[in-house]
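A.B. asks: One file is attached below, protein13.csv, containing CSV, C-alpha atoms.
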```csv
chain,number,residue,atom,x,y,z
A,45,MET,CA,31.1,167.4,128.2
A,46,ALA,CA,29.0,166.5,125.1
A,47,ASP,CA,31.8,164.1,123.8
A,48,GLU,CA,32.2,162.4,127.2
A,49,PRO,CA,29.6,159.6,126.4
A,50,LEU,CA,31.4,159.0,123.1
A,51,ARG,CA,34.8,158.6,124.8
A,52,ARG,CA,33.4,156.5,127.5
A,53,SER,CA,31.7,154.2,125.0
A,54,LEU,CA,35.0,153.0,123.5
A,55,PRO,CA,36.1,149.5,124.4
A,56,LYS,CA,39.2,148.9,126.5
A,57,GLY,CA,42.3,149.3,124.4
A,58,ALA,CA,40.6,151.0,121.5
A,59,THR,CA,41.3,154.5,120.4
A,60,ALA,CA,39.4,157.0,118.2
A,61,ASN,CA,41.9,156.4,115.4
A,62,PRO,CA,43.5,152.9,115.8
A,63,THR,CA,46.4,152.1,113.6
A,64,ALA,CA,47.0,148.4,114.1
A,65,PRO,CA,44.9,145.4,115.1
A,66,PRO,CA,45.1,144.5,118.8
A,67,HIS,CA,46.2,140.9,118.0
A,68,GLY,CA,49.3,141.9,116.1
A,69,GLY,CA,49.1,141.3,112.3
A,70,ARG,CA,46.2,141.1,110.0
A,71,PRO,CA,43.6,138.4,110.9
A,72,PRO,CA,42.2,136.1,108.2
A,73,PRO,CA,39.4,137.6,106.1
A,74,GLU,CA,36.8,135.1,107.3
A,75,VAL,CA,37.6,136.2,110.9
A,76,LEU,CA,37.2,139.8,110.1
A,77,ARG,CA,33.9,139.2,108.3
A,78,ASN,CA,32.5,137.2,111.3
A,79,ALA,CA,33.6,140.0,113.6
A,80,PHE,CA,31.8,142.7,111.6
A,81,HIS,CA,28.6,140.6,111.4
A,82,THR,CA,28.8,139.8,115.1
A,83,CYS,CA,29.1,143.5,116.0
A,84,ALA,CA,26.1,144.3,113.9
A,85,ASN,CA,24.1,141.5,115.6
A,86,TYR,CA,25.1,142.9,119.0
A,87,PHE,CA,23.7,146.3,118.0
A,88,GLU,CA,20.5,144.7,116.8
A,89,THR,CA,20.2,142.7,120.1
A,90,ILE,CA,20.6,145.9,122.1
A,91,ARG,CA,17.6,147.4,120.2
A,92,LYS,CA,15.5,144.4,120.6
A,93,GLU,CA,16.2,144.1,124.3
A,94,TRP,CA,15.6,147.8,124.9
A,95,ILE,CA,12.2,147.7,123.1
A,96,LYS,CA,11.2,144.5,125.1
A,97,SER,CA,12.3,146.1,128.4
A,98,ASP,CA,10.2,149.2,127.6
A,99,GLU,CA,7.1,147.1,128.2
A,100,GLU,CA,8.5,146.0,131.6
A,101,GLN,CA,9.2,149.6,132.5
A,102,VAL,CA,5.5,150.5,131.9
A,103,ARG,CA,4.5,147.6,134.3
A,104,VAL,CA,6.9,148.8,137.0
A,105,ILE,CA,5.4,152.3,136.9
A,106,ALA,CA,1.9,150.9,136.8
A,107,SER,CA,2.6,148.9,139.9
A,108,GLY,CA,3.1,152.1,141.9
A,109,ILE,CA,6.9,152.5,141.8
A,110,THR,CA,7.5,156.1,140.8
A,111,PRO,CA,10.6,157.1,138.8
A,112,ASP,CA,11.8,159.3,141.7
A,113,SER,CA,11.8,156.5,144.3
A,114,GLY,CA,15.0,154.8,145.5
A,115,SER,CA,14.0,151.4,144.4
A,116,TYR,CA,13.1,152.4,140.8
A,117,GLU,CA,16.8,152.7,139.7
A,118,GLU,CA,17.7,149.3,141.2
A,119,ILE,CA,14.8,147.6,139.5
A,120,MET,CA,15.3,149.3,136.2
A,121,ARG,CA,19.1,148.6,136.0
A,122,GLU,CA,19.2,145.1,137.5
A,123,VAL,CA,15.9,143.7,136.3
A,124,VAL,CA,14.2,145.7,133.5
A,125,ARG,CA,17.3,146.7,131.5
A,126,SER,CA,19.3,143.6,132.4
A,127,GLY,CA,19.2,142.2,128.8
A,128,VAL,CA,20.3,145.6,127.5
A,129,VAL,CA,23.2,145.8,130.0
A,130,ALA,CA,24.3,142.2,129.1
A,131,ALA,CA,24.3,142.9,125.4
A,132,TRP,CA,26.1,146.2,125.9
A,133,SER,CA,28.8,144.5,128.0
A,134,LYS,CA,29.4,141.8,125.4
A,135,LEU,CA,29.9,144.4,122.7
A,136,ARG,CA,32.0,146.9,124.7
A,137,THR,CA,34.2,144.9,127.1
A,138,ASP,CA,33.5,141.1,127.1
A,139,SER,CA,34.5,140.4,123.5
A,140,ASP,CA,37.3,141.3,121.2
A,141,PHE,CA,35.1,141.9,118.2
A,142,LEU,CA,34.9,145.6,118.4
A,143,PRO,CA,38.6,146.2,118.9
A,144,LEU,CA,39.2,143.8,116.0
A,145,ILE,CA,37.0,145.6,113.4
A,146,LEU,CA,37.8,149.3,114.3
A,147,PRO,CA,41.3,149.3,112.6
A,148,HIS,CA,39.6,147.9,109.4
A,149,CYS,CA,36.9,150.6,109.3
A,150,ASP,CA,37.2,153.7,107.2
A,151,ALA,CA,36.9,157.0,109.0
A,152,SER,CA,33.1,157.5,108.3
A,153,LEU,CA,32.2,154.0,109.5
A,154,ARG,CA,34.4,154.2,112.6
A,155,ASP,CA,32.8,157.5,113.5
A,156,ALA,CA,29.3,156.0,113.0
A,157,VAL,CA,30.1,153.1,115.3
A,158,GLN,CA,31.4,155.3,118.0
A,159,ARG,CA,28.5,157.7,117.7
A,160,VAL,CA,25.9,155.0,118.1
A,161,MET,CA,27.8,153.5,121.0
A,162,GLY,CA,27.8,156.9,122.7
A,163,LEU,CA,24.1,157.5,122.0
A,164,ALA,CA,23.1,154.0,123.2
A,165,ASP,CA,25.2,154.0,126.3
A,166,VAL,CA,23.0,152.9,129.2
A,167,ASP,CA,24.8,155.2,131.7
A,168,ALA,CA,25.0,158.2,129.4
A,169,TRP,CA,23.2,161.4,130.5
A,170,LEU,CA,21.7,162.7,127.2
A,171,PRO,CA,18.5,164.5,126.1
A,172,ASP,CA,15.8,162.5,124.4
A,173,ARG,CA,14.0,163.5,121.3
A,174,TYR,CA,11.6,165.6,123.5
A,175,GLY,CA,14.5,167.6,125.0
A,176,GLU,CA,14.4,166.0,128.5
A,177,ALA,CA,17.9,165.0,129.7
A,178,SER,CA,18.3,162.0,131.9
A,179,GLU,CA,20.2,158.7,132.1
A,180,ARG,CA,19.6,156.5,129.1
A,181,TRP,CA,18.3,153.6,131.1
A,182,ARG,CA,15.3,155.8,132.1
A,183,GLN,CA,14.4,156.6,128.5
A,184,THR,CA,12.4,154.4,126.1
A,185,TRP,CA,13.7,153.4,122.8
A,186,ALA,CA,11.1,155.5,121.0
A,187,ALA,CA,12.1,158.5,123.0
A,188,MET,CA,15.8,158.2,122.1
A,189,GLY,CA,15.0,158.0,118.4
A,190,LEU,CA,18.0,155.9,117.5
A,191,ASP,CA,16.4,153.9,114.7
A,192,PRO,CA,17.7,156.0,111.8
A,193,GLU,CA,21.2,155.9,113.2
A,194,LEU,CA,21.1,152.1,113.7
A,195,ASP,CA,19.3,151.4,110.4
A,196,ALA,CA,22.1,153.2,108.6
A,197,LEU,CA,24.9,151.5,110.5
A,198,LEU,CA,24.0,147.8,110.5
A,199,PRO,CA,24.1,147.4,106.6
A,200,LYS,CA,27.4,149.2,106.5
A,201,LEU,CA,29.0,146.9,109.1
A,202,ARG,CA,27.8,143.8,107.3
A,203,ALA,CA,28.9,145.2,103.9
A,204,ALA,CA,32.3,146.1,105.2
A,205,GLY,CA,32.8,142.5,106.5
A,206,ASP,CA,31.7,141.0,103.2
A,207,ALA,CA,34.0,143.3,101.2
A,208,LEU,CA,37.0,142.2,103.3
A,209,MET,CA,36.1,138.6,102.6
A,210,MET,CA,35.8,139.2,98.9
A,211,GLN,CA,39.2,140.9,98.8
A,212,GLY,CA,40.8,138.1,100.7
A,213,GLU,CA,39.3,135.5,98.3
A,214,GLU,CA,40.6,137.5,95.2
A,215,ALA,CA,44.1,137.8,96.8
A,216,GLY,CA,44.1,134.1,97.6
A,217,LYS,CA,43.2,133.2,94.0
A,218,VAL,CA,46.0,135.4,92.6
A,219,ALA,CA,48.5,134.0,95.1
A,220,GLY,CA,47.4,130.4,94.2
A,221,VAL,CA,48.0,131.1,90.5
A,222,ILE,CA,51.4,132.6,91.1
A,223,GLU,CA,52.4,129.7,93.4
A,224,SER,CA,51.3,127.1,90.9
A,225,ALA,CA,53.2,128.8,88.1
A,226,MET,CA,56.4,128.9,90.2
A,227,THR,CA,56.0,125.3,91.3
A,228,ASN,CA,55.6,124.0,87.8
A,229,ALA,CA,58.6,126.0,86.5
A,230,LEU,CA,60.8,124.7,89.3
A,231,ARG,CA,59.7,121.1,88.6
A,232,ALA,CA,60.3,121.5,84.9
A,233,PHE,CA,63.8,122.9,85.5
A,234,ALA,CA,64.7,120.2,88.0
A,235,ASP,CA,63.6,117.5,85.5
A,236,GLY,CA,65.5,119.1,82.7
A,237,ARG,CA,62.4,120.2,80.7
A,238,GLY,CA,62.7,123.9,81.4
A,239,SER,CA,65.2,126.6,80.6
A,240,ARG,CA,66.8,129.1,82.9
A,241,ARG,CA,65.0,131.9,81.0
A,242,ALA,CA,61.6,130.3,81.7
A,243,LEU,CA,62.5,129.7,85.3
A,244,GLY,CA,63.5,133.3,85.8
A,245,GLN,CA,60.3,134.6,84.2
A,246,ALA,CA,58.2,132.3,86.5
A,247,LEU,CA,60.1,133.5,89.6
A,248,GLY,CA,59.7,137.2,88.6
A,249,LEU,CA,63.4,137.6,87.8
A,250,ARG,CA,64.6,139.9,85.0
A,251,LYS,CA,68.0,140.4,83.5
A,252,MET,CA,69.4,143.9,83.8
A,253,THR,CA,69.9,145.6,80.5
A,254,TRP,CA,73.1,147.3,79.5
A,255,GLN,CA,71.3,150.7,79.6
A,256,GLU,CA,70.4,150.1,83.3
A,257,ALA,CA,73.9,148.9,84.1
A,258,GLN,CA,75.4,152.0,82.5
A,259,ALA,CA,73.1,154.3,84.4
A,260,ARG,CA,73.7,152.5,87.8
A,261,GLY,CA,77.4,152.2,87.1
A,262,GLU,CA,77.9,155.9,86.4
A,263,GLU,CA,75.8,156.7,89.5
A,264,TRP,CA,77.9,154.4,91.7
A,265,VAL,CA,81.3,155.7,90.4
A,266,ARG,CA,80.2,159.3,90.9
A,267,ALA,CA,79.0,158.5,94.4
A,268,HIS,CA,82.4,157.1,95.3
A,269,GLN,CA,84.7,160.0,94.4
A,270,ALA,CA,84.9,158.9,90.7
A,271,ARG,CA,87.0,155.9,91.6
A,272,PHE,CA,86.6,153.0,89.2
A,273,PRO,CA,86.8,149.7,91.0
A,274,GLY,CA,87.1,147.5,88.0
A,275,ARG,CA,84.6,145.8,85.7
A,276,ASN,CA,83.9,142.7,87.8
A,277,GLN,CA,83.7,144.6,91.1
A,278,LEU,CA,81.4,147.3,89.7
A,279,ALA,CA,79.2,144.5,88.3
A,280,LYS,CA,78.9,143.0,91.8
A,281,CYS,CA,78.2,146.4,93.3
A,282,ILE,CA,75.2,147.1,91.1
A,283,GLY,CA,74.0,143.5,90.7
A,284,CYS,CA,74.5,142.6,87.0
A,285,HIS,CA,76.5,140.1,85.0
A,286,PRO,CA,80.1,141.1,84.1
A,287,SER,CA,79.4,140.7,80.4
A,288,VAL,CA,76.5,143.3,80.7
A,289,MET,CA,78.9,145.6,82.5
A,290,SER,CA,81.4,145.3,79.8
A,291,LYS,CA,78.8,146.4,77.2
A,292,ALA,CA,77.8,149.3,79.5
A,293,ILE,CA,81.4,150.5,79.9
A,294,LYS,CA,82.1,150.3,76.2
A,295,ARG,CA,79.1,152.5,75.4
A,296,SER,CA,79.7,155.0,78.3
A,297,VAL,CA,82.1,157.9,77.7
A,298,TYR,CA,82.2,158.6,81.5
A,299,LEU,CA,82.9,155.0,82.5
A,300,ASN,CA,85.6,154.7,79.8
A,301,ALA,CA,87.3,157.8,81.1
A,302,ARG,CA,87.2,156.6,84.7
A,303,ALA,CA,88.5,153.2,83.7
A,304,ALA,CA,91.4,154.8,81.8
A,305,GLU,CA,92.3,156.9,84.8
A,306,ALA,CA,92.3,153.8,87.0
A,307,ARG,CA,94.7,152.1,84.6
A,308,THR,CA,97.0,155.2,84.3
A,309,GLN,CA,97.1,156.0,88.0
A,310,ARG,CA,97.0,152.4,89.1
A,311,LEU,CA,94.2,153.1,91.6
A,312,PRO,CA,93.3,150.2,93.9
A,313,ARG,CA,90.7,148.1,92.1
A,314,ALA,CA,89.5,146.0,95.0
A,315,VAL,CA,86.5,147.6,96.7
A,316,ASP,CA,84.3,145.5,99.0
A,317,ALA,CA,81.0,145.2,97.2
A,318,ASN,CA,79.1,144.5,100.5
A,319,VAL,CA,80.5,147.6,102.1
A,320,ALA,CA,79.8,149.7,99.0
A,321,ARG,CA,76.1,148.7,99.0
A,322,MET,CA,75.7,149.7,102.6
A,323,GLN,CA,77.4,153.1,102.2
A,324,ALA,CA,75.1,156.0,101.8
A,325,PRO,CA,75.9,157.5,98.4
A,326,ALA,CA,77.6,160.9,98.7
A,327,VAL,CA,77.1,162.3,95.2
A,328,VAL,CA,80.1,164.3,93.9
A,329,ASN,CA,79.2,167.2,91.8
A,330,GLU,CA,81.9,167.4,89.2
A,331,GLY,CA,82.2,170.4,86.9
A,332,SER,CA,81.4,169.9,83.3
A,333,ASP,CA,84.6,171.6,82.2
A,334,GLU,CA,86.8,169.2,84.1
A,335,LEU,CA,84.9,166.2,82.7
A,336,ASP,CA,85.3,167.6,79.1
A,337,ARG,CA,89.0,168.1,79.7
A,338,LEU,CA,89.5,164.5,80.9
A,339,ILE,CA,87.5,163.1,77.9
A,340,LYS,CA,89.5,165.2,75.5
A,341,GLU,CA,92.8,164.0,77.0
A,342,GLN,CA,91.7,160.4,76.6
A,343,GLN,CA,90.7,161.0,73.0
A,344,ALA,CA,94.0,162.7,72.3
A,345,ASP,CA,96.0,159.8,73.8
A,346,ALA,CA,94.1,157.4,71.7
A,347,ARG,CA,94.8,159.3,68.5
A,348,ARG,CA,98.5,159.7,69.4
A,349,ASP,CA,98.8,156.0,70.0
A,350,ALA,CA,97.2,155.2,66.7
A,351,ARG,CA,99.6,157.5,64.8
A,352,ARG,CA,102.8,156.3,66.6
A,353,PRO,CA,104.7,153.9,64.3
A,354,ARG,CA,105.5,150.5,65.7
A,355,LYS,CA,109.2,149.6,66.2
A,356,PRO,CA,110.4,146.7,64.1
A,357,ARG,CA,111.2,143.5,66.0
A,358,ALA,CA,114.8,142.8,66.7
A,359,GLU,CA,116.1,139.7,65.0
```
Is it possible to give me this structure as C-alpha cells?
C.D. replies:
Amino acid sequence: MADEPLRRSLPKGATANPTAPPHGGRPPPEVLRNAFHTCANYFETIRKEWIKSDEEQVRVIASGITPDSGSYEEIMREVVRSGVVAAWSKLRTDSDFLPLILPHCDASLRDAVQRVMGLADVDAWLPDRYGEASERWRQTWAAMGLDPELDALLPKLRAAGDALMMQGEEAGKVAGVIESAMTNALRAFADGRGSRRALGQALGLRKMTWQEAQARGEEWVRAHQARFPGRNQLAKCIGCHPSVMSKAIKRSVYLNARAAEARTQRLPRAVDANVARMQAPAVVNEGSDELDRLIKEQQADARRDARRPRKPRAE
C-alpha cells in the first residue's frame, strides 16, 4: 500500500519505465528542453500555491470551522487548496509535458520525479514529518517536509533539458558540416571540377580492397556448398568490382581450386546475386584433408601441363 500513491501519481499513458515517447519519434531538442523546464515550473507552482494556501487554512480554522466538520473538507479542497489542485492537474493530466520528458530521463531522475509526485499528491494518505497520517490536503507544506526533495529535483530537471538542447545543437552542427561537404562535392563533380574519388570520399563511399574481397569471396563460396559461380557473379554477390575480384581470386588458393573445379566439372556459373544475398549462409565445414588433396591435385595438373611437349602444327 505504500507504493499506491506513487502509482496513482503517474499521468495517463505513462509507465514506470517508458521506452518510447508518446508522440511517436523523437521530438526536437528545443521542445524537450521547454518540456523539462515547464515541468520544473509546475512543481515550483505547486509549492508556492501550497504555502500560500496554508495561510488560508489557518483563517478557516480560526473562523470556527473545525477539521472534523463536514464543511471543512469541502472548503479546503474547493477553495483553500484550489490553486494546488489546478497546478497538480496541469502537471498530471491536462498537459503532455510529463509523458514527453519521462522517456528522456535516466533511471534516477525518473524515480525522483515519480517520488515527488507521489509525496505531493493532494489525495494521498501519508504520514507527515510528525508521524500523523492523513490526506495531504489537510497537511501544511512545512509539516510534509518536501523542500529537500523538491530543491534537489528542480535543478536536475532544468539541467536535463539544457543537456538535450546542447546535444541537439552539436548534432545539428555536425550534420550541417557533412551536408555542406556532400553538396560541394556533388556540385564540383557535376561541373566537371571534381573526380570520382573525391566524390566517393565526400559521400562516405570506400573501395573494397582485394583482401576484403578475398575473405568475403571465400566465405560466400563456402556458404554455398563450395560452388564457384564465376568471377563476375561472385563480384556482384559480395559487392566489389570484377577487377578487384580477379586480384582476390589470383591470390587465393581456395578460390583458385574452386574455380578450377568449376571449369573441370562444367558447373553452372549463373547464380542469381539477389537471391544469394537473401539466403541465410549455411557454412559448410570441409575437412582440411580434403582441401589439401584438391589443392595438390590442381598443382599436379599444372606441373603436368607445363612438362607436356606441344605438338607441332600440321603444315
A.B. asks: Which is closest to A:Gly127 among A:Asp112, A:Glu74, A:Asp140, A:Glu100, if we use all atoms listed in the file?
C.D. replies: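 The shortest atom-to-atom distance to A:Gly127 comes from A:Glu100.
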A.B. asks: So that I can check the surroundings of A:Asn300, please list as an mmCIF file with C-alpha atoms, keeping the file's coordinate frame every protein, DNA and RNA residue that reaches within 10 Å of it, counting only C-alpha atoms and ignoring chain neighbours fewer than 5 positions away.
C.D. replies:
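Contents of the output file selection30.cif:
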```
data_model
loop_
_atom_site.group_PDB
_atom_site.id
_atom_site.type_symbol
_atom_site.label_atom_id
_atom_site.label_comp_id
_atom_site.auth_asym_id
_atom_site.auth_seq_id
_atom_site.Cartn_x
_atom_site.Cartn_y
_atom_site.Cartn_z
ATOM 1 C CA PHE A 272 86.600 153.000 89.200
ATOM 2 C CA ALA A 292 77.800 149.300 79.500
ATOM 3 C CA ILE A 293 81.400 150.500 79.900
ATOM 4 C CA LYS A 294 82.100 150.300 76.200
ATOM 5 C CA ARG A 295 79.100 152.500 75.400
ATOM 6 C CA GLU A 305 92.300 156.900 84.800
ATOM 7 C CA ALA A 306 92.300 153.800 87.000
ATOM 8 C CA ILE A 339 87.500 163.100 77.900
ATOM 9 C CA GLN A 342 91.700 160.400 76.600
#
```
A.B. asks: Give me, please, the distance in Å between atom CA of A:Ala164 and atom CA of A:Leu146, quoted to one decimal.
C.D. replies: 17.8 Å
A.B. asks: Considering only C-alpha atoms, can you say which of A:Gln183, A:Val104, A:Met289, A:Glu263 comes closest to A:Gln277?
C.D. replies: A:Met289
A.B. asks: Between A:Thr82, A:Tyr298, A:Ile145, A:Trp254, single out the one closest to A:Pro286, counting all atoms listed in the file.
C.D. replies: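 Ranking A:Thr82, A:Tyr298, A:Ile145, A:Trp254 by distance to A:Pro286, first place goes to A:Trp254.
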A.B. asks: Extract, using all atoms listed in the file, all DNA, RNA and protein residues at most 9 Å from A:Ala131, discarding same-chain residues fewer than 3 positions from it, and format them as a ChimeraX atom specification.
C.D. replies: /A:86-87,89-90,93,126-128,134-136
A.B. asks: Rounded to one decimal place, report the atom CA of A:Ser113-atom CA of A:Arg182 distance in Å.
C.D. replies: 12.7 Å
A.B. asks: Please report the interatomic distance between atom CA of A:His268 and atom CA of A:Ser290 in Å with one decimal.
C.D. replies: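 Taking atom CA of A:His268 as the start and atom CA of A:Ser290 as the end point, the length is 19.5 Å.
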